[in-house]
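Participant: See my_file07.pdb below, with PDB, C-alpha atoms, pLDDT in the B column.
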ATOM      1  CA  MET R   1      98.937 114.166 164.290  1.00 40.00           C
ATOM      2  CA  THR R   2     100.018 116.727 166.864  1.00 44.00           C
ATOM      3  CA  GLN R   3     103.667 117.257 167.593  1.00 48.00           C
ATOM      4  CA  ASN R   4     104.771 116.727 171.180  1.00 54.00           C
ATOM      5  CA  THR R   5     106.401 119.915 172.423  1.00 53.00           C
ATOM      6  CA  GLN R   6     107.306 118.675 175.907  1.00 71.00           C
ATOM      7  CA  GLN R   7     110.933 118.878 176.900  1.00 82.00           C
ATOM      8  CA  ILE R   8     113.063 116.629 179.085  1.00 86.00           C
ATOM      9  CA  ASP R   9     115.120 118.642 181.539  1.00 91.00           C
ATOM     10  CA  SER R  10     118.577 117.540 182.672  1.00 92.00           C
ATOM     11  CA  ARG R  11     117.342 116.383 186.110  1.00 95.00           C
ATOM     12  CA  ASP R  12     114.701 114.154 184.518  1.00 95.00           C
ATOM     13  CA  GLU R  13     117.222 112.759 182.049  1.00 96.00           C
ATOM     14  CA  LYS R  14     119.709 112.048 184.835  1.00 97.00           C
ATOM     15  CA  GLU R  15     117.060 110.288 186.935  1.00 97.00           C
ATOM     16  CA  ILE R  16     115.839 108.171 184.011  1.00 98.00           C
ATOM     17  CA  ARG R  17     119.389 107.128 183.162  1.00 97.00           C
ATOM     18  CA  SER R  18     119.919 106.276 186.831  1.00 97.00           C
ATOM     19  CA  VAL R  19     116.870 103.973 186.779  1.00 98.00           C
ATOM     20  CA  LEU R  20     118.223 102.203 183.681  1.00 98.00           C
ATOM     21  CA  LEU R  21     121.684 101.782 185.208  1.00 97.00           C
ATOM     22  CA  GLY R  22     120.263 100.778 188.595  1.00 97.00           C
ATOM     23  CA  TYR R  23     118.271  98.008 186.944  1.00 97.00           C
ATOM     24  CA  VAL R  24     121.336  96.366 185.364  1.00 97.00           C
ATOM     25  CA  GLU R  25     123.402  96.963 188.511  1.00 97.00           C
ATOM     26  CA  ALA R  26     120.783  95.092 190.544  1.00 97.00           C
ATOM     27  CA  LEU R  27     120.538  92.376 187.904  1.00 96.00           C
ATOM     28  CA  ASP R  28     124.281  91.746 187.670  1.00 97.00           C
ATOM     29  CA  GLY R  29     124.695  92.175 191.436  1.00 97.00           C
ATOM     30  CA  ARG R  30     122.128  89.392 191.957  1.00 95.00           C
ATOM     31  CA  ASP R  31     119.950  91.799 193.977  1.00 95.00           C
ATOM     32  CA  PHE R  32     116.763  90.605 192.316  1.00 93.00           C
ATOM     33  CA  GLU R  33     114.372  92.224 194.815  1.00 92.00           C
ATOM     34  CA  ARG R  34     115.827  95.653 193.961  1.00 95.00           C
ATOM     35  CA  ILE R  35     114.804  95.150 190.326  1.00 96.00           C
ATOM     36  CA  ALA R  36     111.258  96.050 191.391  1.00 97.00           C
ATOM     37  CA  ASP R  37     112.450  99.604 192.168  1.00 96.00           C
ATOM     38  CA  ALA R  38     112.745 100.318 188.435  1.00 97.00           C
ATOM     39  CA  PHE R  39     109.078  99.565 187.677  1.00 98.00           C
ATOM     40  CA  THR R  40     105.583 100.782 188.518  1.00 98.00           C
ATOM     41  CA  GLU R  41     103.063  98.524 190.208  1.00 97.00           C
ATOM     42  CA  SER R  42     101.181  98.277 186.889  1.00 97.00           C
ATOM     43  CA  ALA R  43     104.271  97.766 184.706  1.00 97.00           C
ATOM     44  CA  GLU R  44     104.440  95.173 181.963  1.00 97.00           C
ATOM     45  CA  LEU R  45     107.537  93.332 180.733  1.00 96.00           C
ATOM     46  CA  GLU R  46     107.466  91.839 177.253  1.00 94.00           C
ATOM     47  CA  ASN R  47     110.133  89.949 175.307  1.00 91.00           C
ATOM     48  CA  THR R  48     110.418  89.765 171.534  1.00 90.00           C
ATOM     49  CA  PHE R  49     113.024  88.008 169.400  1.00 89.00           C
ATOM     50  CA  GLU R  50     114.071  88.205 165.776  1.00 89.00           C
ATOM     51  CA  SER R  51     112.364  85.342 163.968  1.00 83.00           C
ATOM     52  CA  TYR R  52     115.608  83.593 163.001  1.00 81.00           C
ATOM     53  CA  ILE R  53     116.681  83.014 166.641  1.00 82.00           C
ATOM     54  CA  PRO R  54     116.144  79.353 167.612  1.00 76.00           C
ATOM     55  CA  GLY R  55     113.992  79.018 170.720  1.00 73.00           C
ATOM     56  CA  GLY R  56     113.031  82.685 170.713  1.00 73.00           C
ATOM     57  CA  ASP R  57     109.352  81.786 170.488  1.00 74.00           C
ATOM     58  CA  ASP R  58     109.619  80.146 173.923  1.00 73.00           C
ATOM     59  CA  PHE R  59     110.478  83.512 175.479  1.00 73.00           C
ATOM     60  CA  THR R  60     108.325  85.796 173.300  1.00 79.00           C
ATOM     61  CA  GLY R  61     105.380  87.529 174.906  1.00 77.00           C
ATOM     62  CA  VAL R  62     104.487  89.201 178.170  1.00 79.00           C
ATOM     63  CA  MET R  63     106.795  87.824 180.824  1.00 83.00           C
ATOM     64  CA  ALA R  64     105.256  89.515 183.876  1.00 90.00           C
ATOM     65  CA  ARG R  65     103.055  92.365 185.099  1.00 93.00           C
ATOM     66  CA  GLY R  66     103.693  94.513 188.159  1.00 95.00           C
ATOM     67  CA  ALA R  67     106.986  95.497 189.783  1.00 96.00           C
ATOM     68  CA  LYS R  68     107.188  92.566 192.211  1.00 96.00           C
ATOM     69  CA  ASP R  69     106.191  89.971 189.614  1.00 96.00           C
ATOM     70  CA  ILE R  70     108.695  91.381 187.135  1.00 96.00           C
ATOM     71  CA  ALA R  71     111.447  91.186 189.765  1.00 96.00           C
ATOM     72  CA  GLY R  72     110.412  87.604 190.561  1.00 95.00           C
ATOM     73  CA  ALA R  73     110.310  86.532 186.916  1.00 93.00           C
ATOM     74  CA  VAL R  74     113.640  88.135 186.043  1.00 94.00           C
ATOM     75  CA  GLY R  75     115.209  86.806 189.247  1.00 93.00           C
ATOM     76  CA  GLY R  76     113.875  83.319 188.565  1.00 91.00           C
ATOM     77  CA  LEU R  77     115.370  83.293 185.082  1.00 89.00           C
ATOM     78  CA  MET R  78     118.699  84.957 185.888  1.00 92.00           C
ATOM     79  CA  GLY R  79     119.044  83.322 189.313  1.00 92.00           C
ATOM     80  CA  ARG R  80     119.896  79.963 187.768  1.00 91.00           C
ATOM     81  CA  LEU R  81     122.995  81.506 186.151  1.00 95.00           C
ATOM     82  CA  ASP R  82     126.417  81.806 187.757  1.00 96.00           C
ATOM     83  CA  ALA R  83     127.013  85.315 186.435  1.00 96.00           C
ATOM     84  CA  THR R  84     125.641  87.963 184.109  1.00 97.00           C
ATOM     85  CA  GLN R  85     126.953  91.234 182.816  1.00 97.00           C
ATOM     86  CA  HIS R  86     124.773  93.735 181.000  1.00 97.00           C
ATOM     87  CA  PHE R  87     126.321  96.565 179.001  1.00 97.00           C
ATOM     88  CA  LEU R  88     124.140  99.530 178.109  1.00 98.00           C
ATOM     89  CA  GLY R  89     125.005 101.467 174.968  1.00 97.00           C
ATOM     90  CA  ALA R  90     123.296 104.453 173.415  1.00 97.00           C
ATOM     91  CA  ILE R  91     120.220 105.733 175.221  1.00 97.00           C
ATOM     92  CA  TRP R  92     117.654 107.793 173.311  1.00 97.00           C
ATOM     93  CA  LEU R  93     114.999 109.756 175.210  1.00 97.00           C
ATOM     94  CA  GLU R  94     111.822 111.110 173.652  1.00 96.00           C
ATOM     95  CA  PRO R  95     109.082 112.997 175.507  1.00 96.00           C
ATOM     96  CA  THR R  96     105.574 111.612 175.088  1.00 95.00           C
ATOM     97  CA  ASP R  97     102.164 112.823 176.203  1.00 93.00           C
ATOM     98  CA  ASP R  98     102.348 110.435 179.189  1.00 93.00           C
ATOM     99  CA  GLY R  99     106.033 110.672 180.126  1.00 96.00           C
ATOM    100  CA  VAL R 100     109.215 109.658 178.350  1.00 97.00           C
ATOM    101  CA  ARG R 101     109.985 106.863 175.898  1.00 98.00           C
ATOM    102  CA  THR R 102     113.525 105.508 175.904  1.00 98.00           C
ATOM    103  CA  ARG R 103     115.386 103.107 173.666  1.00 98.00           C
ATOM    104  CA  THR R 104     118.553 101.616 175.119  1.00 98.00           C
ATOM    105  CA  GLN R 105     121.021  99.318 173.406  1.00 98.00           C
ATOM    106  CA  VAL R 106     121.958  96.331 175.568  1.00 98.00           C
ATOM    107  CA  ILE R 107     124.480  93.522 175.263  1.00 98.00           C
ATOM    108  CA  ALA R 108     124.076  90.809 177.878  1.00 97.00           C
ATOM    109  CA  HIS R 109     126.505  88.072 178.821  1.00 97.00           C
ATOM    110  CA  HIS R 110     125.031  85.043 180.619  1.00 96.00           C
ATOM    111  CA  HIS R 111     127.266  82.353 182.121  1.00 97.00           C
ATOM    112  CA  ARG R 112     126.610  79.014 183.813  1.00 95.00           C
ATOM    113  CA  GLY R 113     129.620  76.797 184.422  1.00 95.00           C
ATOM    114  CA  THR R 114     131.740  76.948 181.301  1.00 95.00           C
ATOM    115  CA  GLY R 115     128.741  77.633 179.077  1.00 95.00           C
ATOM    116  CA  PHE R 116     127.686  81.037 177.827  1.00 96.00           C
ATOM    117  CA  TYR R 117     124.822  82.690 176.025  1.00 94.00           C
ATOM    118  CA  HIS R 118     125.285  86.255 174.849  1.00 96.00           C
ATOM    119  CA  THR R 119     122.542  88.468 173.489  1.00 95.00           C
ATOM    120  CA  GLY R 120     122.194  91.896 171.931  1.00 97.00           C
ATOM    121  CA  GLY R 121     119.120  93.995 171.569  1.00 97.00           C
ATOM    122  CA  THR R 122     117.152  96.999 172.719  1.00 98.00           C
ATOM    123  CA  TYR R 123     115.120  97.942 175.781  1.00 98.00           C
ATOM    124  CA  THR R 124     112.194 100.124 174.710  1.00 98.00           C
ATOM    125  CA  ASP R 125     110.755 101.639 177.865  1.00 98.00           C
ATOM    126  CA  SER R 126     107.805 103.861 178.669  1.00 98.00           C
ATOM    127  CA  PHE R 127     108.671 105.932 181.735  1.00 98.00           C
ATOM    128  CA  VAL R 128     106.086 107.721 183.873  1.00 97.00           C
ATOM    129  CA  ARG R 129     106.613 110.075 186.770  1.00 96.00           C
ATOM    130  CA  THR R 130     105.405 108.606 190.071  1.00 96.00           C
ATOM    131  CA  GLY R 131     105.482 109.789 193.681  1.00 95.00           C
ATOM    132  CA  SER R 132     108.800 107.923 193.936  1.00 94.00           C
ATOM    133  CA  GLY R 133     110.257 109.486 190.788  1.00 96.00           C
ATOM    134  CA  TRP R 134     110.537 108.187 187.219  1.00 97.00           C
ATOM    135  CA  ARG R 135     109.672 104.507 186.806  1.00 98.00           C
ATOM    136  CA  ILE R 136     109.244 102.106 183.892  1.00 98.00           C
ATOM    137  CA  ASP R 137     105.588 101.382 183.161  1.00 98.00           C
ATOM    138  CA  ARG R 138     106.234  99.172 180.146  1.00 98.00           C
ATOM    139  CA  ARG R 139     109.393  97.499 178.877  1.00 97.00           C
ATOM    140  CA  VAL R 140     109.846  95.589 175.646  1.00 97.00           C
ATOM    141  CA  LEU R 141     113.151  93.757 175.388  1.00 96.00           C
ATOM    142  CA  HIS R 142     113.781  93.025 171.728  1.00 96.00           C
ATOM    143  CA  THR R 143     116.608  90.543 171.176  1.00 95.00           C
ATOM    144  CA  SER R 144     118.286  91.078 167.811  1.00 96.00           C
ATOM    145  CA  TRP R 145     121.071  88.491 167.999  1.00 96.00           C
ATOM    146  CA  THR R 146     122.422  85.703 170.172  1.00 94.00           C
ATOM    147  CA  THR R 147     125.531  83.574 170.342  1.00 94.00           C
ATOM    148  CA  GLY R 148     126.394  80.590 172.482  1.00 93.00           C
ATOM    149  CA  GLU R 149     124.263  77.897 174.041  1.00 90.00           C
ATOM    150  CA  PRO R 150     120.570  78.703 174.669  1.00 88.00           C
ATOM    151  CA  GLY R 151     120.562  75.901 177.264  1.00 87.00           C
ATOM    152  CA  VAL R 152     122.569  78.160 179.566  1.00 91.00           C
ATOM    153  CA  ILE R 153     119.378  80.214 180.012  1.00 86.00           C
ATOM    154  CA  THR R 154     116.779  77.490 179.612  1.00 80.00           C
ATOM    155  CA  GLY R 155     118.576  75.036 181.893  1.00 76.00           C
ATOM    156  CA  THR R 156     118.451  72.238 179.322  1.00 71.00           C
TER     157      THR R 156
END
Turn this file's structure into structure tokens for me.
Facilitator:
Amino acid sequence: MTQNTQQIDSRDEKEIRSVLLGYVEALDGRDFERIADAFTESAELENTFESYIPGGDDFTGVMARGAKDIAGAVGGLMGRLDATQHFLGAIWLEPTDDGVRTRTQVIAHHHRGTGFYHTGGTYTDSFVRTGSGWRIDRRVLHTSWTTGEPGVITGT
């Protein structure tokens, strides 16, 4: 196995962090079309859940492919909520042969009426440099824990 000797300069790191923050800003600001700006046209969004989480199997797997479809899928799911707030924690960046891999801690609060569903997990993203700057080409959202009422998200 060869060791990757590529470096991430401060401008690249700043831009990648800006994409991550812009995504959650658009999500919580209900600007679902802007979500597409974070992704490439060939991007893939996948969800995984810890096995103990009830109902996690219903949301496990590839959710959407392509920037516009990802924005539509995320907007369709989050659009039925009254409010969300996503907190990003530690962000780790690692250069790869194709770009940069990031892991970002996320805690998400989802509210509909008086009901809530809170989740915690990690975004694992593969970033590639495009003509428009750094974009996510693959995202895996792994949910580690939940609390509250899953029906807030599922609409049941």
Participant: Please expand the PyMOL selection byres ((chain R and resi 106) around 7) into the concrete residues it hits in this file, giving the result as number ranges by chain.
Facilitator: R: 86-89, 104-105, 107-108, 120-122
Participant: Evaluate the PyMOL selection byres ((chain R and resi 66) around 8) against this structure - the residues, as an NGL selection string, please.
Facilitator: :R and (39-44 or 64-65 or 67-70)
Participant: Work out how far apart atom CA of Phe127 of chain R and atom CA of Ile35 of chain R are and give it in Å to one decimal.
Facilitator: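 So the answer is 15.1 Å.
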Participant: So what does the PyMOL selection byres ((chain R and resi 51) around 12) actually pick up in this one, as a VMD selection string?
Facilitator: chain R and resid 48 to 50 52 to 60 142 to 146
Participant: From the options R:Tyr123, R:Gln85, R:Leu45, R:Asp98, which residue's atoms come nearest to Glu25 of chain R, counting all atoms listed in the file?
Facilitator: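 Answer, going by the shortest atom-to-atom distance: R:Gln85.
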Participant: Which neighbours of Val19 of chain R fall inside 8 Å, counting only C-alpha atoms, when residues of the same chain fewer than 6 positions from it are skipped, and could you give them as an MDAnalysis selection string?
Facilitator: chainID R and resid 38 134:135
Participant: Given all atoms listed in the file as the basis, pick out the residue of R:Leu93, R:Glu46, R:Leu77, R:Val100 nearest to Phe32 of chain R.
Facilitator: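 Closest to Phe32 of chain R, using all atoms listed in the file: R:Leu77.
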Participant: Report the distance between atom CA of Leu20 of chain R and atom CA of Met63 of chain R in Å, rounded to one decimal place.
Facilitator: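 Atom CA of Leu20 of chain R sits 18.6 Å away from atom CA of Met63 of chain R.
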Participant: Which is closest to Ala73 of chain R among R:Ile16, R:Ile91, R:Ala36, R:Ala26, if we use all atoms listed in the file?
Facilitator: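 Looking only at the distances to Ala73 of chain R, the closest residue turns out to be R:Ala36.
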Participant: In Å, with one decimal, what is the gap from atom CA of Gly79 of chain R to atom CA of Val24 of chain R?
Facilitator: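 Between atom CA of Gly79 of chain R and atom CA of Val24 of chain R the gap is 13.8 Å.
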Participant: Using all atoms listed in the file, find the one residue out of R:Ile153, R:Thr96, R:Gly72, R:Tyr117 that sits nearest to Arg129 of chain R.
Facilitator: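 Smallest separation from Arg129 of chain R among the options: R:Thr96.
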Participant: Nearest residue to Ala90 of chain R out of R:Arg17, R:Arg11, R:His111, R:Arg34, using only C-alpha atoms?
Facilitator: R:Arg17
Participant: Could you give me, as a compact mmCIF listing (two decimals) with C-alpha atoms, in the coordinates of the input, the residues within 12 Å of Thr156 of chain R, counting all atoms listed in the file and dropping anything in the same chain fewer than 6 positions from it?
Facilitator:
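Saved file part17.txt follows:
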# COMPACT_ATOMS: atom_id res chain seq x y z
CA GLY R 55 113.99 79.02 170.72
CA ARG R 80 119.90 79.96 187.77
CA ARG R 112 126.61 79.01 183.81
CA GLY R 115 128.74 77.63 179.08
CA GLU R 149 124.26 77.90 174.04
CA PRO R 150 120.57 78.70 174.67
Participant: Enclose the full set of atoms of segment 110-122 of chain R listed in the file within a box whose edges lie along x, y and z, apply 3 Å of padding to each of the six sides, and report centre and edge lengths in Å to one decimal as AutoDock Vina command-line options.
Facilitator:
--center_x 124.4 --center_y 86.9 --center_z 178.0 --size_x 20.6 --size_y 26.2 --size_z 18.9
Participant: Taking 5 positions as the minimum chain separation for residues in the same chain, which residues sit within 10 Å of Ala83 of chain R when counting all atoms listed in the file? Answer as a tab-separated table (two decimals) with C-alpha atoms, in the coordinates of the input.
Facilitator:
chain	number	residue	atom	x	y	z
R	27	LEU	CA	120.54	92.38	187.90
R	28	ASP	CA	124.28	91.75	187.67
R	29	GLY	CA	124.70	92.18	191.44
R	30	ARG	CA	122.13	89.39	191.96
R	78	MET	CA	118.70	84.96	185.89
R	109	HIS	CA	126.50	88.07	178.82
R	110	HIS	CA	125.03	85.04	180.62
R	111	HIS	CA	127.27	82.35	182.12
R	112	ARG	CA	126.61	79.01	183.81
R	113	GLY	CA	129.62	76.80	184.42
R	116	PHE	CA	127.69	81.04	177.83
Participant: Under the rule that all atoms listed in the file are counted, which of R:Gln6, R:Val128, R:Gly61, R:Gly22 is the nearest residue to Leu141 of chain R?
Facilitator: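 Checking each candidate against Leu141 of chain R, we get R:Gly61 as the closest.
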Participant: I need segment 40-72 of chain R from the structure I supplied, saved as a short mmCIF file (atom, residue, chain, number, x, y, z; two decimals), in the first residue's frame with N, CA, C and O atoms retained.
Facilitator:
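So the final result, stored in out_37.cif, reads:
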data_model
loop_
_atom_site.label_atom_id
_atom_site.label_comp_id
_atom_site.auth_asym_id
_atom_site.auth_seq_id
_atom_site.Cartn_x
_atom_site.Cartn_y
_atom_site.Cartn_z
N THR R 40 -21.58 17.17 -6.70
CA THR R 40 -21.31 17.03 -8.13
C THR R 40 -22.54 16.47 -8.83
O THR R 40 -23.45 15.94 -8.17
N GLU R 41 -22.53 16.53 -10.13
CA GLU R 41 -23.65 15.98 -10.91
C GLU R 41 -23.69 14.45 -10.83
O GLU R 41 -24.73 13.85 -11.10
N SER R 42 -22.58 13.82 -10.45
CA SER R 42 -22.55 12.36 -10.34
C SER R 42 -22.56 11.89 -8.89
O SER R 42 -22.36 10.71 -8.62
N ALA R 43 -22.79 12.80 -7.96
CA ALA R 43 -22.72 12.47 -6.53
C ALA R 43 -23.72 11.39 -6.14
O ALA R 43 -24.74 11.20 -6.80
N GLU R 44 -23.40 10.74 -5.03
CA GLU R 44 -24.27 9.72 -4.46
C GLU R 44 -24.44 10.00 -2.98
O GLU R 44 -23.47 10.33 -2.30
N LEU R 45 -25.67 9.89 -2.50
CA LEU R 45 -25.99 10.08 -1.09
C LEU R 45 -26.52 8.77 -0.53
O LEU R 45 -27.50 8.22 -1.04
N GLU R 46 -25.86 8.28 0.51
CA GLU R 46 -26.24 7.02 1.13
C GLU R 46 -26.46 7.23 2.62
O GLU R 46 -25.73 7.99 3.26
N ASN R 47 -27.45 6.57 3.17
CA ASN R 47 -27.72 6.59 4.61
C ASN R 47 -27.45 5.21 5.19
O ASN R 47 -27.79 4.20 4.58
N THR R 48 -26.85 5.20 6.38
CA THR R 48 -26.70 3.97 7.15
C THR R 48 -27.08 4.27 8.59
O THR R 48 -26.96 5.41 9.05
N PHE R 49 -27.55 3.26 9.29
CA PHE R 49 -27.98 3.41 10.68
C PHE R 49 -27.40 2.27 11.50
O PHE R 49 -27.26 1.15 11.00
N GLU R 50 -27.11 2.56 12.76
CA GLU R 50 -26.75 1.48 13.69
C GLU R 50 -27.91 0.50 13.73
O GLU R 50 -29.08 0.89 13.67
N SER R 51 -27.60 -0.77 13.86
CA SER R 51 -28.62 -1.82 13.74
C SER R 51 -29.68 -1.76 14.83
O SER R 51 -30.79 -2.23 14.63
N TYR R 52 -29.38 -1.18 15.97
CA TYR R 52 -30.36 -1.15 17.06
C TYR R 52 -31.44 -0.08 16.87
O TYR R 52 -32.45 -0.08 17.59
N ILE R 53 -31.30 0.83 15.91
CA ILE R 53 -32.23 1.94 15.75
C ILE R 53 -33.50 1.45 15.05
O ILE R 53 -33.45 1.04 13.89
N PRO R 54 -34.66 1.52 15.74
CA PRO R 54 -35.91 1.09 15.12
C PRO R 54 -36.22 1.92 13.87
O PRO R 54 -36.10 3.14 13.90
N GLY R 55 -36.59 1.25 12.80
CA GLY R 55 -36.96 1.92 11.57
C GLY R 55 -35.78 2.36 10.71
O GLY R 55 -35.99 2.88 9.61
N GLY R 56 -34.57 2.16 11.21
CA GLY R 56 -33.40 2.57 10.43
C GLY R 56 -33.29 1.87 9.09
O GLY R 56 -32.83 2.46 8.12
N ASP R 57 -33.74 0.63 9.03
CA ASP R 57 -33.69 -0.11 7.77
C ASP R 57 -34.49 0.57 6.67
O ASP R 57 -34.15 0.47 5.50
N ASP R 58 -35.55 1.30 7.05
CA ASP R 58 -36.38 1.98 6.06
C ASP R 58 -35.64 3.12 5.37
O ASP R 58 -36.03 3.54 4.27
N PHE R 59 -34.60 3.64 6.00
CA PHE R 59 -33.85 4.76 5.44
C PHE R 59 -32.43 4.38 5.05
O PHE R 59 -31.64 5.24 4.69
N THR R 60 -32.07 3.09 5.16
CA THR R 60 -30.72 2.65 4.84
C THR R 60 -30.61 2.39 3.34
O THR R 60 -31.50 1.80 2.74
N GLY R 61 -29.51 2.84 2.77
CA GLY R 61 -29.24 2.62 1.36
C GLY R 61 -29.00 3.92 0.63
O GLY R 61 -28.95 5.00 1.23
N VAL R 62 -28.85 3.82 -0.67
CA VAL R 62 -28.63 5.00 -1.50
C VAL R 62 -29.93 5.76 -1.60
O VAL R 62 -30.96 5.22 -2.02
N MET R 63 -29.89 7.00 -1.17
CA MET R 63 -31.08 7.85 -1.16
C MET R 63 -31.29 8.54 -2.50
O MET R 63 -32.42 8.71 -2.95
N ALA R 64 -30.19 8.97 -3.12
CA ALA R 64 -30.30 9.69 -4.40
C ALA R 64 -28.93 9.76 -5.06
O ALA R 64 -27.90 9.61 -4.42
N ARG R 65 -28.97 10.03 -6.38
CA ARG R 65 -27.74 10.21 -7.17
C ARG R 65 -27.89 11.49 -7.99
O ARG R 65 -28.93 11.72 -8.59
N GLY R 66 -26.82 12.28 -8.00
CA GLY R 66 -26.81 13.53 -8.75
C GLY R 66 -27.26 14.70 -7.89
O GLY R 66 -28.15 14.56 -7.04
N ALA R 67 -26.63 15.85 -8.10
CA ALA R 67 -26.85 17.02 -7.25
C ALA R 67 -28.33 17.41 -7.16
O ALA R 67 -28.85 17.64 -6.06
N LYS R 68 -29.01 17.48 -8.28
CA LYS R 68 -30.41 17.91 -8.27
C LYS R 68 -31.31 16.89 -7.59
O LYS R 68 -32.22 17.24 -6.84
N ASP R 69 -31.06 15.60 -7.83
CA ASP R 69 -31.87 14.56 -7.20
C ASP R 69 -31.61 14.50 -5.69
O ASP R 69 -32.53 14.26 -4.91
N ILE R 70 -30.37 14.72 -5.30
CA ILE R 70 -30.06 14.75 -3.87
C ILE R 70 -30.81 15.92 -3.21
O ILE R 70 -31.45 15.75 -2.18
N ALA R 71 -30.74 17.09 -3.83
CA ALA R 71 -31.46 18.25 -3.28
C ALA R 71 -32.96 17.97 -3.20
O ALA R 71 -33.61 18.32 -2.21
N GLY R 72 -33.52 17.33 -4.21
CA GLY R 72 -34.94 17.00 -4.21
C GLY R 72 -35.30 15.99 -3.13
O GLY R 72 -36.31 16.14 -2.45
#
